[in-house]
Amino acid sequence: MEFIQIASGKWPSIYNPQRINYFEQRQLNCGMFKDSFEIKEHPECVPFDSLWKLRFSTYPYRSSGEMGWSSKLYRPSEKQELFLYNNYNVRSIDENFFLDTNFWKLLSDVQDPVWIANYKSLR
């Protein structure tokens with residue numbers, strides 16, 4: 001994923017000319033990781049794998065027993081939507097984006113078990 005390569009400072013970009021590792025700076029489990037078999041670097045970001053859980057109560061794309069954090073089947077409950085608006089300035093998860101510092105804050109928060117339990121408890 002190009003974003004991971006740029007945000008980790010591995011690729012030169014006008015968006016990150018100093019090649020700062022923003023993931024490391026924010027203590028996120030993201031970046032370029034060496035595969036021990038192929039000895040190649042691959043992009044990986046554990047928090048990205050959890051973002052679908054904000055919106056869905058079960059994994060929406062193929063059969064999987066993995067559960068999401070949303071109180072409703074296909075979208076967050078009204079209290080969860082209000083929480084996302086108050087904390088990340090996202091009025092509708094279907095229409096808005098997590099931007100700027102809110103994006104980085106969200107990536108950090110979805111790794112926190114206390115934050116996850118709080119989000120799931122909003123009905």
# chains A, B, ... in the order shown; residues from 1 in each chain; ligands from 1
>>> residues_around(residues="range 19-35 of chain A", least_positions_apart="2", cutoff="12 Å", atoms="only C-alpha atoms", output="JSON list (two decimals) with C-alpha atoms, in the first residue's frame")
[["chain", "number", "residue", "atom", "x", "y", "z"],
["A", 1, "MET", "CA", 0.00, 0.00, 0.00],
["A", 2, "GLU", "CA", 1.52, 3.28, -1.11],
["A", 3, "PHE", "CA", 0.24, 5.20, 1.90],
["A", 4, "ILE", "CA", 2.15, 2.95, 4.31],
["A", 5, "GLN", "CA", 5.34, 3.28, 2.28],
["A", 6, "ILE", "CA", 5.07, 7.08, 2.21],
["A", 7, "ALA", "CA", 3.95, 7.52, 5.84],
["A", 8, "SER", "CA", 6.74, 5.24, 7.06],
["A", 9, "GLY", "CA", 9.31, 7.31, 5.16],
["A", 10, "LYS", "CA", 10.40, 4.45, 2.91],
["A", 11, "TRP", "CA", 9.31, 6.15, -0.32],
["A", 12, "PRO", "CA", 10.19, 9.70, -1.29],
["A", 13, "SER", "CA", 7.10, 11.85, -1.68],
["A", 14, "ILE", "CA", 6.04, 15.48, -1.81],
["A", 15, "TYR", "CA", 3.72, 14.56, 1.09],
["A", 16, "ASN", "CA", 6.62, 13.44, 3.29],
["A", 17, "PRO", "CA", 9.78, 15.12, 1.93],
["A", 37, "PHE", "CA", 10.99, -16.15, 4.00],
["A", 38, "GLU", "CA", 11.30, -13.80, 1.05],
["A", 39, "ILE", "CA", 13.59, -11.28, 2.78],
["A", 40, "LYS", "CA", 11.47, -8.51, 1.24],
["A", 41, "GLU", "CA", 9.76, -5.61, 2.89],
["A", 42, "HIS", "CA", 5.97, -5.60, 2.84],
["A", 43, "PRO", "CA", 3.58, -2.88, 4.01],
["A", 44, "GLU", "CA", 1.51, -3.77, 7.04],
["A", 45, "CYS", "CA", -0.74, -1.84, 9.41],
["A", 46, "VAL", "CA", -2.56, -3.72, 12.16],
["A", 47, "PRO", "CA", -4.95, -0.83, 13.02],
["A", 48, "PHE", "CA", -6.13, -0.69, 9.39],
["A", 49, "ASP", "CA", -7.36, -4.26, 9.75],
["A", 101, "THR", "CA", -4.91, 14.50, 13.66],
["A", 103, "PHE", "CA", -7.05, 10.02, 11.60],
["A", 104, "TRP", "CA", -3.89, 9.37, 13.63],
["A", 105, "LYS", "CA", -5.84, 9.46, 16.89],
["A", 106, "LEU", "CA", -8.29, 6.87, 15.55],
["A", 107, "LEU", "CA", -5.47, 4.52, 14.46],
["A", 108, "SER", "CA", -4.07, 4.71, 17.96],
["A", 109, "ASP", "CA", -7.46, 4.30, 19.65],
["A", 110, "VAL", "CA", -8.51, 1.16, 17.74],
["A", 111, "GLN", "CA", -5.49, -0.59, 19.29],
["A", 112, "ASP", "CA", -6.63, 0.20, 22.85]]
>>> residues_around(residues="Ser92 in chain A", least_positions_apart="6", cutoff="12 Å", atoms="only C-alpha atoms", output="list in words")
Leu54, Arg55, Arg75, Pro76, Ser77, Glu78, Gln80, Glu81, Leu82, Phe83, Leu84, Tyr85, Asn86 and Phe98 of chain A
>>> residues_around(residues="range 60-72 of chain A", least_positions_apart="5", cutoff="9 Å", atoms="only C-alpha atoms", output="ChimeraX atom specification")
/A:50,52-55,77,80,116-117,119-123
>>> select_by_dssp(residues="chain A", states="strand (DSSP E or B)", output="number ranges by chain")
A: 30-34, 41-45, 58, 67
>>> write_last_selection(atoms="N, CA and C atoms", output="mmCIF file, in the first residue's frame")
data_model
loop_
_atom_site.group_PDB
_atom_site.id
_atom_site.type_symbol
_atom_site.label_atom_id
_atom_site.label_comp_id
_atom_site.auth_asym_id
_atom_site.auth_seq_id
_atom_site.Cartn_x
_atom_site.Cartn_y
_atom_site.Cartn_z
ATOM 1 N N CYS A 30 2.493 -0.158 12.482
ATOM 2 C CA CYS A 30 2.371 -0.015 11.031
ATOM 3 C C CYS A 30 3.757 0.238 10.449
ATOM 4 N N GLY A 31 3.903 -0.072 9.189
ATOM 5 C CA GLY A 31 5.148 0.234 8.508
ATOM 6 C C GLY A 31 5.539 -0.840 7.523
ATOM 7 N N MET A 32 6.804 -0.845 7.203
ATOM 8 C CA MET A 32 7.368 -1.824 6.284
ATOM 9 C C MET A 32 8.078 -2.889 7.122
ATOM 10 N N PHE A 33 7.660 -4.131 6.961
ATOM 11 C CA PHE A 33 8.213 -5.229 7.750
ATOM 12 C C PHE A 33 8.840 -6.264 6.828
ATOM 13 N N LYS A 34 9.993 -6.777 7.247
ATOM 14 C CA LYS A 34 10.681 -7.784 6.443
ATOM 15 C C LYS A 34 10.048 -9.152 6.640
ATOM 16 N N GLU A 41 10.593 -6.435 2.036
ATOM 17 C CA GLU A 41 9.757 -5.607 2.888
ATOM 18 C C GLU A 41 8.336 -5.542 2.323
ATOM 19 N N HIS A 42 7.374 -5.663 3.218
ATOM 20 C CA HIS A 42 5.970 -5.603 2.839
ATOM 21 C C HIS A 42 5.262 -4.589 3.740
ATOM 22 N N PRO A 43 4.327 -3.822 3.177
ATOM 23 C CA PRO A 43 3.579 -2.876 4.011
ATOM 24 C C PRO A 43 2.569 -3.619 4.890
ATOM 25 N N GLU A 44 2.456 -3.156 6.112
ATOM 26 C CA GLU A 44 1.506 -3.768 7.043
ATOM 27 C C GLU A 44 1.059 -2.716 8.051
ATOM 28 N N CYS A 45 -0.225 -2.775 8.412
ATOM 29 C CA CYS A 45 -0.742 -1.841 9.409
ATOM 30 C C CYS A 45 -1.880 -2.525 10.161
ATOM 31 N N THR A 58 -20.598 -7.682 12.037
ATOM 32 C CA THR A 58 -19.933 -8.910 11.582
ATOM 33 C C THR A 58 -19.165 -8.583 10.309
ATOM 34 N N MET A 67 -16.089 -10.746 14.648
ATOM 35 C CA MET A 67 -17.129 -9.787 14.997
ATOM 36 C C MET A 67 -16.590 -8.364 14.965
#
>>> select_by_dssp(residues="chain A", states="alpha helix (DSSP H)", output="ChimeraX atom specification")
/A:2-7,22-25,78-88,100-109,113-121
>>> write_last_selection(atoms="N, CA and C atoms", output="short mmCIF file (atom, residue, chain, number, x, y, z; two decimals), in the first residue's frame")
data_model
loop_
_atom_site.label_atom_id
_atom_site.label_comp_id
_atom_site.auth_asym_id
_atom_site.auth_seq_id
_atom_site.Cartn_x
_atom_site.Cartn_y
_atom_site.Cartn_z
N GLU A 2 0.68 2.09 -0.95
CA GLU A 2 1.52 3.28 -1.11
C GLU A 2 1.51 4.18 0.12
N PHE A 3 0.34 4.33 0.74
CA PHE A 3 0.24 5.20 1.90
C PHE A 3 1.21 4.75 3.00
N ILE A 4 1.27 3.47 3.26
CA ILE A 4 2.15 2.95 4.31
C ILE A 4 3.61 3.22 3.95
N GLN A 5 3.96 3.04 2.70
CA GLN A 5 5.34 3.28 2.28
C GLN A 5 5.72 4.75 2.41
N ILE A 6 4.80 5.64 2.10
CA ILE A 6 5.07 7.08 2.21
C ILE A 6 5.07 7.52 3.68
N ALA A 7 4.05 7.10 4.45
CA ALA A 7 3.95 7.52 5.84
C ALA A 7 5.04 6.92 6.73
N TYR A 22 6.00 8.42 10.40
CA TYR A 22 4.89 8.90 11.21
C TYR A 22 4.30 7.78 12.08
N PHE A 23 4.39 6.57 11.64
CA PHE A 23 3.88 5.46 12.44
C PHE A 23 4.72 5.27 13.70
N GLU A 24 6.01 5.32 13.53
CA GLU A 24 6.91 5.19 14.68
C GLU A 24 6.71 6.36 15.64
N GLN A 25 6.58 7.54 15.08
CA GLN A 25 6.38 8.76 15.87
C GLN A 25 5.13 8.64 16.75
N GLU A 78 -26.76 5.12 16.99
CA GLU A 78 -26.80 6.58 17.09
C GLU A 78 -25.78 7.08 18.12
N LYS A 79 -25.65 6.37 19.24
CA LYS A 79 -24.68 6.77 20.27
C LYS A 79 -23.24 6.59 19.76
N GLN A 80 -22.99 5.55 19.00
CA GLN A 80 -21.66 5.37 18.42
C GLN A 80 -21.36 6.45 17.40
N GLU A 81 -22.35 6.81 16.58
CA GLU A 81 -22.15 7.89 15.61
C GLU A 81 -21.88 9.22 16.32
N LEU A 82 -22.59 9.49 17.39
CA LEU A 82 -22.36 10.71 18.17
C LEU A 82 -20.95 10.69 18.77
N PHE A 83 -20.53 9.55 19.25
CA PHE A 83 -19.18 9.39 19.79
C PHE A 83 -18.13 9.69 18.72
N LEU A 84 -18.31 9.17 17.51
CA LEU A 84 -17.36 9.41 16.41
C LEU A 84 -17.35 10.89 16.03
N TYR A 85 -18.51 11.52 16.08
CA TYR A 85 -18.56 12.94 15.77
C TYR A 85 -17.86 13.77 16.85
N ASN A 86 -18.16 13.49 18.10
CA ASN A 86 -17.58 14.26 19.20
C ASN A 86 -16.07 14.07 19.33
N ASN A 87 -15.58 12.89 19.01
CA ASN A 87 -14.16 12.60 19.21
C ASN A 87 -13.30 12.74 17.96
N TYR A 88 -13.92 12.61 16.77
CA TYR A 88 -13.13 12.62 15.52
C TYR A 88 -13.70 13.54 14.45
N ASP A 100 -6.65 14.52 9.21
CA ASP A 100 -5.60 15.17 9.99
C ASP A 100 -5.30 14.40 11.28
N THR A 101 -5.26 15.12 12.39
CA THR A 101 -4.91 14.50 13.66
C THR A 101 -5.97 13.49 14.11
N ASN A 102 -7.21 13.66 13.66
CA ASN A 102 -8.26 12.71 14.01
C ASN A 102 -7.98 11.32 13.42
N PHE A 103 -7.41 11.29 12.24
CA PHE A 103 -7.05 10.02 11.60
C PHE A 103 -6.01 9.28 12.44
N TRP A 104 -4.96 10.00 12.84
CA TRP A 104 -3.89 9.37 13.63
C TRP A 104 -4.40 8.97 15.00
N LYS A 105 -5.26 9.79 15.58
CA LYS A 105 -5.84 9.46 16.89
C LYS A 105 -6.68 8.19 16.79
N LEU A 106 -7.46 8.06 15.73
CA LEU A 106 -8.29 6.87 15.55
C LEU A 106 -7.42 5.62 15.42
N LEU A 107 -6.35 5.69 14.62
CA LEU A 107 -5.47 4.52 14.46
C LEU A 107 -4.89 4.09 15.80
N SER A 108 -4.58 5.04 16.63
CA SER A 108 -4.07 4.71 17.96
C SER A 108 -5.18 4.13 18.83
N ASP A 109 -6.35 4.73 18.80
CA ASP A 109 -7.46 4.30 19.65
C ASP A 109 -7.94 2.89 19.34
N PRO A 113 -7.65 -1.70 24.05
CA PRO A 113 -8.77 -2.54 24.49
C PRO A 113 -9.83 -1.79 25.30
N VAL A 114 -9.43 -0.80 26.09
CA VAL A 114 -10.38 -0.01 26.88
C VAL A 114 -11.25 0.83 25.94
N TRP A 115 -10.63 1.44 24.93
CA TRP A 115 -11.38 2.24 23.96
C TRP A 115 -12.37 1.34 23.21
N ILE A 116 -11.93 0.16 22.81
CA ILE A 116 -12.79 -0.78 22.08
C ILE A 116 -13.98 -1.17 22.93
N ALA A 117 -13.75 -1.51 24.19
CA ALA A 117 -14.84 -1.89 25.09
C ALA A 117 -15.83 -0.74 25.25
N ASN A 118 -15.33 0.47 25.38
CA ASN A 118 -16.20 1.65 25.51
C ASN A 118 -17.04 1.83 24.24
N TYR A 119 -16.42 1.74 23.08
CA TYR A 119 -17.14 1.91 21.81
C TYR A 119 -18.23 0.84 21.66
N LYS A 120 -17.88 -0.39 21.95
CA LYS A 120 -18.84 -1.50 21.85
C LYS A 120 -20.02 -1.34 22.82
N SER A 121 -19.77 -0.71 23.96
CA SER A 121 -20.83 -0.57 24.96
C SER A 121 -21.87 0.49 24.61
#
